[in-house]
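Below is the file start33.cif, which contains mmCIF, C-alpha atoms and all ligand atoms.
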```cif
data_run
loop_
_atom_site.label_atom_id
_atom_site.label_comp_id
_atom_site.auth_asym_id
_atom_site.auth_seq_id
_atom_site.Cartn_x
_atom_site.Cartn_y
_atom_site.Cartn_z
CA MET A 1 168.87 194.13 -100.84
CA GLU A 2 168.30 197.62 -102.19
CA LYS A 3 166.65 198.86 -98.99
CA VAL A 4 169.47 197.52 -96.86
CA ASP A 5 172.11 199.05 -99.11
CA GLU A 6 170.42 202.44 -98.92
CA VAL A 7 170.47 202.38 -95.11
CA LEU A 8 174.07 201.17 -95.01
CA GLU A 9 175.10 203.94 -97.38
CA LYS A 10 173.23 206.52 -95.32
CA PHE A 11 175.36 205.54 -92.33
CA ARG A 12 178.51 205.22 -94.48
CA TYR A 13 178.95 201.60 -93.45
CA ALA A 14 180.03 202.74 -89.97
CA LYS A 15 180.21 199.86 -87.49
CA GLU A 16 179.63 202.25 -84.60
CA ASP A 17 176.21 203.06 -86.07
CA LEU A 18 175.11 199.42 -86.03
CA ILE A 19 172.25 200.06 -83.60
CA GLN A 20 170.90 202.95 -85.68
CA ILE A 21 171.25 200.88 -88.84
CA LEU A 22 169.34 197.97 -87.30
CA LEU A 23 166.65 200.27 -85.90
CA GLU A 24 166.08 201.86 -89.27
CA LEU A 25 165.96 198.51 -91.04
CA GLN A 26 163.52 197.15 -88.48
CA MET A 27 161.23 200.08 -89.20
CA LEU A 28 161.62 199.60 -92.95
CA SER A 29 160.69 195.93 -92.74
CA GLY A 30 157.06 196.97 -92.26
CA LYS A 31 156.66 194.18 -89.72
CA ASN A 32 158.78 195.55 -86.91
CA TYR A 33 161.50 192.91 -87.23
CA LEU A 34 164.83 192.11 -88.82
CA PRO A 35 164.72 189.33 -91.39
CA GLN A 36 167.62 186.93 -90.95
CA GLU A 37 168.95 187.56 -94.46
CA TRP A 38 169.11 191.29 -93.72
CA VAL A 39 171.10 190.66 -90.55
CA GLU A 40 173.49 188.42 -92.45
CA TYR A 41 173.86 191.02 -95.18
CA VAL A 42 174.58 193.80 -92.67
CA ALA A 43 177.16 191.66 -90.85
CA LYS A 44 178.97 190.96 -94.12
CA ALA A 45 178.79 194.56 -95.33
CA LEU A 46 180.19 195.88 -92.05
CA ASP A 47 182.72 193.08 -91.87
CA MET A 48 181.47 191.97 -88.47
CA PRO A 49 180.99 188.43 -87.18
CA MET A 50 177.34 187.35 -87.14
CA ASN A 51 177.43 186.51 -83.46
CA LYS A 52 178.55 190.06 -82.67
CA VAL A 53 175.56 191.49 -84.53
CA TYR A 54 173.19 189.03 -82.85
CA GLY A 55 174.83 189.86 -79.52
CA VAL A 56 173.93 193.53 -79.99
CA MET A 57 170.39 192.60 -81.03
CA THR A 58 169.93 190.45 -77.95
CA PHE A 59 171.43 193.01 -75.59
CA TYR A 60 169.06 195.74 -76.77
CA GLY A 61 165.63 194.26 -76.24
CA MET A 62 163.93 196.25 -78.99
CA PHE A 63 165.02 194.01 -81.85
CA SER A 64 163.19 190.94 -83.09
CA THR A 65 163.93 188.32 -85.71
CA LYS A 66 160.24 187.38 -85.89
CA PRO A 67 157.60 189.54 -87.58
CA ARG A 68 155.65 191.65 -85.10
CA GLY A 69 152.82 194.15 -85.14
CA LYS A 70 153.44 197.83 -85.73
CA ASN A 71 153.03 198.48 -82.01
CA LEU A 72 154.65 196.22 -79.46
CA ILE A 73 152.70 196.18 -76.19
CA GLU A 74 154.73 194.97 -73.23
CA VAL A 75 152.91 194.15 -70.01
CA CYS A 76 155.20 194.36 -66.99
CA LYS A 77 154.96 191.20 -64.92
CA SER A 78 157.49 192.08 -62.22
CA GLY A 79 156.60 192.34 -58.52
CA PRO A 80 155.20 195.86 -58.05
CA CYS A 81 153.14 195.69 -61.23
CA HIS A 82 152.00 192.18 -60.39
CA VAL A 83 150.63 193.19 -56.98
CA SER A 84 149.04 196.27 -58.57
CA GLY A 85 146.99 194.20 -61.01
CA SER A 86 149.09 193.47 -64.09
CA GLN A 87 147.23 190.17 -64.45
CA GLY A 88 143.96 192.02 -64.96
CA ILE A 89 145.64 194.38 -67.41
CA GLU A 90 146.92 191.45 -69.42
CA LEU A 91 143.51 189.78 -69.47
CA MET A 92 141.88 192.99 -70.61
CA LEU A 93 144.38 193.36 -73.42
CA GLU A 94 143.89 189.75 -74.47
CA LYS A 95 140.17 190.37 -74.68
CA GLU A 96 140.39 193.78 -76.34
CA LEU A 97 142.90 192.60 -78.96
CA ALA A 98 141.73 188.97 -79.22
CA ILE A 99 145.30 187.66 -78.93
CA LYS A 100 147.49 185.96 -76.32
CA PRO A 101 150.98 187.04 -75.27
CA GLY A 102 153.42 186.33 -78.10
CA GLU A 103 150.75 186.84 -80.76
CA THR A 104 150.00 189.61 -83.25
CA THR A 105 146.58 190.98 -84.17
CA ASP A 106 145.27 190.09 -87.63
CA ASP A 107 145.46 193.71 -88.73
CA GLY A 108 149.17 193.75 -87.87
CA LEU A 109 148.68 196.66 -85.48
CA PHE A 110 149.63 195.10 -82.15
CA THR A 111 151.86 192.40 -80.73
CA LEU A 112 151.38 191.52 -77.08
CA GLU A 113 154.31 190.48 -74.91
CA ARG A 114 155.17 190.10 -71.24
CA SER A 115 158.19 191.94 -69.93
CA ASN A 116 160.24 192.46 -66.83
CA CYS A 117 160.36 195.71 -64.90
CA PHE A 118 161.16 198.70 -67.09
CA GLY A 119 161.47 201.17 -64.24
CA ALA A 120 157.92 202.50 -64.04
CA CYS A 121 157.13 200.77 -60.74
CA ASP A 122 155.96 204.04 -59.16
CA ILE A 123 153.07 204.12 -61.61
CA ALA A 124 152.25 200.39 -61.51
CA PRO A 125 150.53 198.66 -63.16
CA ALA A 126 152.34 199.78 -66.26
CA ILE A 127 152.67 198.82 -69.90
CA LYS A 128 154.98 199.98 -72.64
CA ILE A 129 153.89 200.54 -76.21
CA GLY A 130 157.02 200.94 -78.28
CA GLU A 131 159.12 203.32 -76.18
CA LYS A 132 156.15 204.99 -74.50
CA VAL A 133 155.17 204.05 -70.95
CA TYR A 134 151.59 204.11 -69.62
CA GLY A 135 150.97 203.70 -65.91
CA ASN A 136 148.33 203.79 -63.17
CA LEU A 137 146.21 201.89 -65.65
CA THR A 138 142.54 201.27 -65.14
CA PRO A 139 140.24 199.40 -67.53
CA ASP A 140 138.99 202.72 -68.90
CA SER A 141 142.38 204.36 -69.36
CA LEU A 142 143.72 201.22 -71.00
CA ARG A 143 140.81 201.11 -73.44
CA ALA A 144 141.41 204.78 -74.26
CA VAL A 145 145.11 204.14 -74.94
CA ILE A 146 144.35 201.27 -77.32
CA LYS A 147 141.68 203.32 -79.04
CA SER A 148 144.14 206.17 -79.64
CA TYR A 149 146.55 203.77 -81.39
CA ARG A 150 143.75 202.37 -83.52
CA GLU A 151 142.68 205.84 -84.55
CA GLU A 152 146.24 206.78 -85.40
CA ALA A 153 146.61 203.78 -87.72
S1 LIG B 201 157.56 196.45 -61.66
FE1 LIG B 201 156.49 197.07 -63.41
S2 LIG B 201 157.64 198.71 -64.17
FE2 LIG B 201 158.74 198.06 -62.44
#
```
Using the file provided, produce a representation of the structure as structure tokens.
Amino acid sequence: MEKVDEVLEKFRYAKEDLIQILLELQMLSGKNYLPQEWVEYVAKALDMPMNKVYGVMTFYGMFSTKPRGKNLIEVCKSGPCHVSGSQGIELMLEKELAIKPGETTDDGLFTLERSNCFGACDIAPAIKIGEKVYGNLTPDSLRAVIKSYREEA
């Protein structure tokens, strides 16, 4: 648990920094997730009940207990995006990445998920990659976005 200890020490075992601690650990995992044993270790080290830590993880949607790709792509499926063509966007992504929602590409670069509205309805159809939002998507702009992430890798 050396990695976990280092992060806990960096934040001086401060309970109020739990979210930052979890975010940093999720990044350190290399698979964009929080292994269960790490969560248990953190809960013990901060003297917090496990269900409190899991409660925080569930409340903030950016945490996962399952391994994910480096980049999480969320396709908004709520009303405005739906009527603006989110279905087509999802199909394009499935084809481009050769995965279905809930799956991760073999190279570990992308995980595809469906999501509810994240407030970008004025630029529907929209997707989120990590914390970045892309809207007014067309097949070409979507392909360009994916390409830029592949080139960055
Ligand atoms: S409906 Fe898609 S971002 Fe709001």
Taking all atoms listed in the file into account, which residues are within 7 Å of ligand LIG 201 (chain B), as a ChimeraX atom specification?
/A:76-81,116-121,124-126
Dump C-alpha atoms for the selected residues as a JSON list (two decimals), in the coordinates of the input?
```json
[["chain", "number", "residue", "atom", "x", "y", "z"],
["A", 76, "CYS", "CA", 155.20, 194.36, -66.99],
["A", 77, "LYS", "CA", 154.96, 191.20, -64.92],
["A", 78, "SER", "CA", 157.49, 192.08, -62.22],
["A", 79, "GLY", "CA", 156.60, 192.34, -58.52],
["A", 80, "PRO", "CA", 155.20, 195.86, -58.05],
["A", 81, "CYS", "CA", 153.14, 195.69, -61.23],
["A", 116, "ASN", "CA", 160.24, 192.46, -66.83],
["A", 117, "CYS", "CA", 160.36, 195.71, -64.90],
["A", 118, "PHE", "CA", 161.16, 198.70, -67.09],
["A", 119, "GLY", "CA", 161.47, 201.17, -64.24],
["A", 120, "ALA", "CA", 157.92, 202.50, -64.04],
["A", 121, "CYS", "CA", 157.13, 200.77, -60.74],
["A", 124, "ALA", "CA", 152.25, 200.39, -61.51],
["A", 125, "PRO", "CA", 150.53, 198.66, -63.16],
["A", 126, "ALA", "CA", 152.34, 199.78, -66.26]]
```
Compile the contact shell of Val7 of chain A as a PyMOL selection string: residues with an atom at most 8 Å away, counting only C-alpha atoms, same-chain residues fewer than 2 positions apart removed.
chain A and resi 3-5+9-11+21+24-25
Would you pick out the contacts of Gly102 of chain A at 9 Å or less, using all atoms listed in the file, so that residues sharing its chain but fewer than 3 positions from it are not included, and give the list as JSON, numbers by chain?
{"A": [99, 111, 112, 113, 114]}
My list of candidates is A:Val39, A:Val145, A:Met92, A:Met48. Which is closest to Val133 of chain A when distances are computed with only C-alpha atoms?
A:Val145
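Residue nearest Leu46 of chain A, chosen from A:Glu131, A:Lys70, A:Asp17, A:Glu151 and counting only C-alpha atoms: A:Asp17.
Taking all atoms listed in the file, the non-local environment of Asn71 of chain A within 9 Å (same-chain residues fewer than 6 positions away omitted) comprises Asn32, Gly108, Leu109, Phe110, Thr111, Leu112, Ile129, Gly130 and Tyr149 of chain A.
In this structure, atom CA of Gln87 of chain A sits 19.0 Å away from atom CA of Thr104 of chain A.
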Could you complete segment 7-18 of chain A so that it carries all heavy atoms, and give it back as a PDB file, keeping the file's coordinate frame?
```pdb
ATOM      1  N   VAL A   7     170.259 202.041 -96.529  1.00  0.00           N
ATOM      2  CA  VAL A   7     170.470 202.380 -95.110  1.00  0.00           C
ATOM      3  C   VAL A   7     171.968 202.320 -94.787  1.00  0.00           C
ATOM      4  O   VAL A   7     172.506 203.212 -94.127  1.00  0.00           O
ATOM      5  CB  VAL A   7     169.661 201.437 -94.197  1.00  0.00           C
ATOM      6  CG1 VAL A   7     170.000 201.673 -92.733  1.00  0.00           C
ATOM      7  CG2 VAL A   7     168.172 201.622 -94.435  1.00  0.00           C
ATOM      8  N   LEU A   8     172.637 201.302 -95.288  1.00  0.00           N
ATOM      9  CA  LEU A   8     174.070 201.170 -95.010  1.00  0.00           C
ATOM     10  C   LEU A   8     174.836 202.374 -95.577  1.00  0.00           C
ATOM     11  O   LEU A   8     175.726 202.925 -94.935  1.00  0.00           O
ATOM     12  CB  LEU A   8     174.606 199.872 -95.620  1.00  0.00           C
ATOM     13  CG  LEU A   8     174.241 198.600 -94.860  1.00  0.00           C
ATOM     14  CD1 LEU A   8     174.500 197.365 -95.709  1.00  0.00           C
ATOM     15  CD2 LEU A   8     175.001 198.493 -93.549  1.00  0.00           C
ATOM     16  N   GLU A   9     174.427 202.785 -96.766  1.00  0.00           N
ATOM     17  CA  GLU A   9     175.100 203.940 -97.380  1.00  0.00           C
ATOM     18  C   GLU A   9     174.839 205.199 -96.573  1.00  0.00           C
ATOM     19  O   GLU A   9     175.733 206.012 -96.352  1.00  0.00           O
ATOM     20  CB  GLU A   9     174.609 204.126 -98.814  1.00  0.00           C
ATOM     21  CG  GLU A   9     175.501 203.390 -99.799  1.00  0.00           C
ATOM     22  CD  GLU A   9     174.814 203.133-101.123  1.00  0.00           C
ATOM     23  OE1 GLU A   9     174.043 204.005-101.581  1.00  0.00           O
ATOM     24  OE2 GLU A   9     175.032 202.041-101.686  1.00  0.00           O
ATOM     25  N   LYS A  10     173.584 205.347 -96.117  1.00  0.00           N
ATOM     26  CA  LYS A  10     173.230 206.520 -95.320  1.00  0.00           C
ATOM     27  C   LYS A  10     174.158 206.648 -94.097  1.00  0.00           C
ATOM     28  O   LYS A  10     174.537 207.744 -93.710  1.00  0.00           O
ATOM     29  CB  LYS A  10     171.774 206.390 -94.874  1.00  0.00           C
ATOM     30  CG  LYS A  10     171.275 207.544 -94.057  1.00  0.00           C
ATOM     31  CD  LYS A  10     169.801 207.375 -93.757  1.00  0.00           C
ATOM     32  CE  LYS A  10     169.424 208.196 -92.547  1.00  0.00           C
ATOM     33  NZ  LYS A  10     168.091 207.886 -92.069  1.00  0.00           N
ATOM     34  N   PHE A  11     174.490 205.519 -93.524  1.00  0.00           N
ATOM     35  CA  PHE A  11     175.360 205.540 -92.330  1.00  0.00           C
ATOM     36  C   PHE A  11     176.832 205.273 -92.705  1.00  0.00           C
ATOM     37  O   PHE A  11     177.650 204.982 -91.846  1.00  0.00           O
ATOM     38  CB  PHE A  11     174.874 204.518 -91.293  1.00  0.00           C
ATOM     39  CG  PHE A  11     173.593 204.934 -90.622  1.00  0.00           C
ATOM     40  CD1 PHE A  11     172.368 204.501 -91.095  1.00  0.00           C
ATOM     41  CD2 PHE A  11     173.615 205.802 -89.527  1.00  0.00           C
ATOM     42  CE1 PHE A  11     171.179 204.904 -90.495  1.00  0.00           C
ATOM     43  CE2 PHE A  11     172.443 206.207 -88.925  1.00  0.00           C
ATOM     44  CZ  PHE A  11     171.213 205.765 -89.403  1.00  0.00           C
ATOM     45  N   ARG A  12     177.139 205.377 -93.978  1.00  0.00           N
ATOM     46  CA  ARG A  12     178.510 205.220 -94.480  1.00  0.00           C
ATOM     47  C   ARG A  12     179.201 203.952 -93.974  1.00  0.00           C
ATOM     48  O   ARG A  12     180.371 203.968 -93.614  1.00  0.00           O
ATOM     49  CB  ARG A  12     179.363 206.431 -94.108  1.00  0.00           C
ATOM     50  CG  ARG A  12     178.877 207.701 -94.730  1.00  0.00           C
ATOM     51  CD  ARG A  12     179.586 208.888 -94.114  1.00  0.00           C
ATOM     52  NE  ARG A  12     178.810 210.092 -94.298  1.00  0.00           N
ATOM     53  CZ  ARG A  12     178.854 210.870 -95.377  1.00  0.00           C
ATOM     54  NH1 ARG A  12     179.639 210.557 -96.349  1.00  0.00           N
ATOM     55  NH2 ARG A  12     178.104 211.940 -95.463  1.00  0.00           N
ATOM     56  N   TYR A  13     178.408 202.914 -93.850  1.00  0.00           N
ATOM     57  CA  TYR A  13     178.950 201.600 -93.450  1.00  0.00           C
ATOM     58  C   TYR A  13     179.738 201.677 -92.128  1.00  0.00           C
ATOM     59  O   TYR A  13     180.722 200.974 -91.936  1.00  0.00           O
ATOM     60  CB  TYR A  13     179.827 201.008 -94.551  1.00  0.00           C
ATOM     61  CG  TYR A  13     179.051 200.656 -95.789  1.00  0.00           C
ATOM     62  CD1 TYR A  13     178.738 201.630 -96.740  1.00  0.00           C
ATOM     63  CD2 TYR A  13     178.614 199.356 -96.014  1.00  0.00           C
ATOM     64  CE1 TYR A  13     178.006 201.317 -97.881  1.00  0.00           C
ATOM     65  CE2 TYR A  13     177.895 199.029 -97.154  1.00  0.00           C
ATOM     66  CZ  TYR A  13     177.593 200.023 -98.074  1.00  0.00           C
ATOM     67  OH  TYR A  13     176.867 199.698 -99.199  1.00  0.00           O
ATOM     68  N   ALA A  14     179.297 202.552 -91.232  1.00  0.00           N
ATOM     69  CA  ALA A  14     180.030 202.740 -89.970  1.00  0.00           C
ATOM     70  C   ALA A  14     179.584 201.716 -88.938  1.00  0.00           C
ATOM     71  O   ALA A  14     178.407 201.685 -88.555  1.00  0.00           O
ATOM     72  CB  ALA A  14     179.804 204.157 -89.443  1.00  0.00           C
ATOM     73  N   LYS A  15     180.526 200.902 -88.486  1.00  0.00           N
ATOM     74  CA  LYS A  15     180.210 199.860 -87.490  1.00  0.00           C
ATOM     75  C   LYS A  15     179.617 200.463 -86.227  1.00  0.00           C
ATOM     76  O   LYS A  15     178.767 199.877 -85.579  1.00  0.00           O
ATOM     77  CB  LYS A  15     181.482 199.112 -87.101  1.00  0.00           C
ATOM     78  CG  LYS A  15     181.955 198.144 -88.117  1.00  0.00           C
ATOM     79  CD  LYS A  15     183.179 197.414 -87.610  1.00  0.00           C
ATOM     80  CE  LYS A  15     183.787 196.703 -88.791  1.00  0.00           C
ATOM     81  NZ  LYS A  15     185.021 196.099 -88.637  1.00  0.00           N
ATOM     82  N   GLU A  16     180.115 201.643 -85.845  1.00  0.00           N
ATOM     83  CA  GLU A  16     179.630 202.250 -84.600  1.00  0.00           C
ATOM     84  C   GLU A  16     178.173 202.705 -84.704  1.00  0.00           C
ATOM     85  O   GLU A  16     177.557 203.027 -83.709  1.00  0.00           O
ATOM     86  CB  GLU A  16     180.543 203.411 -84.142  1.00  0.00           C
ATOM     87  CG  GLU A  16     180.749 204.530 -85.134  1.00  0.00           C
ATOM     88  CD  GLU A  16     181.899 204.255 -86.111  1.00  0.00           C
ATOM     89  OE1 GLU A  16     182.274 203.077 -86.308  1.00  0.00           O
ATOM     90  OE2 GLU A  16     182.404 205.230 -86.695  1.00  0.00           O
ATOM     91  N   ASP A  17     177.622 202.705 -85.908  1.00  0.00           N
ATOM     92  CA  ASP A  17     176.210 203.060 -86.070  1.00  0.00           C
ATOM     93  C   ASP A  17     175.324 201.821 -86.220  1.00  0.00           C
ATOM     94  O   ASP A  17     174.181 201.920 -86.655  1.00  0.00           O
ATOM     95  CB  ASP A  17     176.023 203.958 -87.312  1.00  0.00           C
ATOM     96  CG  ASP A  17     176.555 205.363 -87.058  1.00  0.00           C
ATOM     97  OD1 ASP A  17     176.558 205.793 -85.889  1.00  0.00           O
ATOM     98  OD2 ASP A  17     176.985 206.014 -88.023  1.00  0.00           O
ATOM     99  N   LEU A  18     175.854 200.678 -85.843  1.00  0.00           N
ATOM    100  CA  LEU A  18     175.110 199.420 -86.030  1.00  0.00           C
ATOM    101  C   LEU A  18     173.689 199.497 -85.452  1.00  0.00           C
ATOM    102  O   LEU A  18     172.727 199.084 -86.095  1.00  0.00           O
ATOM    103  CB  LEU A  18     175.880 198.250 -85.400  1.00  0.00           C
ATOM    104  CG  LEU A  18     175.159 196.910 -85.461  1.00  0.00           C
ATOM    105  CD1 LEU A  18     174.975 196.441 -86.909  1.00  0.00           C
ATOM    106  CD2 LEU A  18     175.921 195.838 -84.674  1.00  0.00           C
TER     107      LEU A  18
END
```
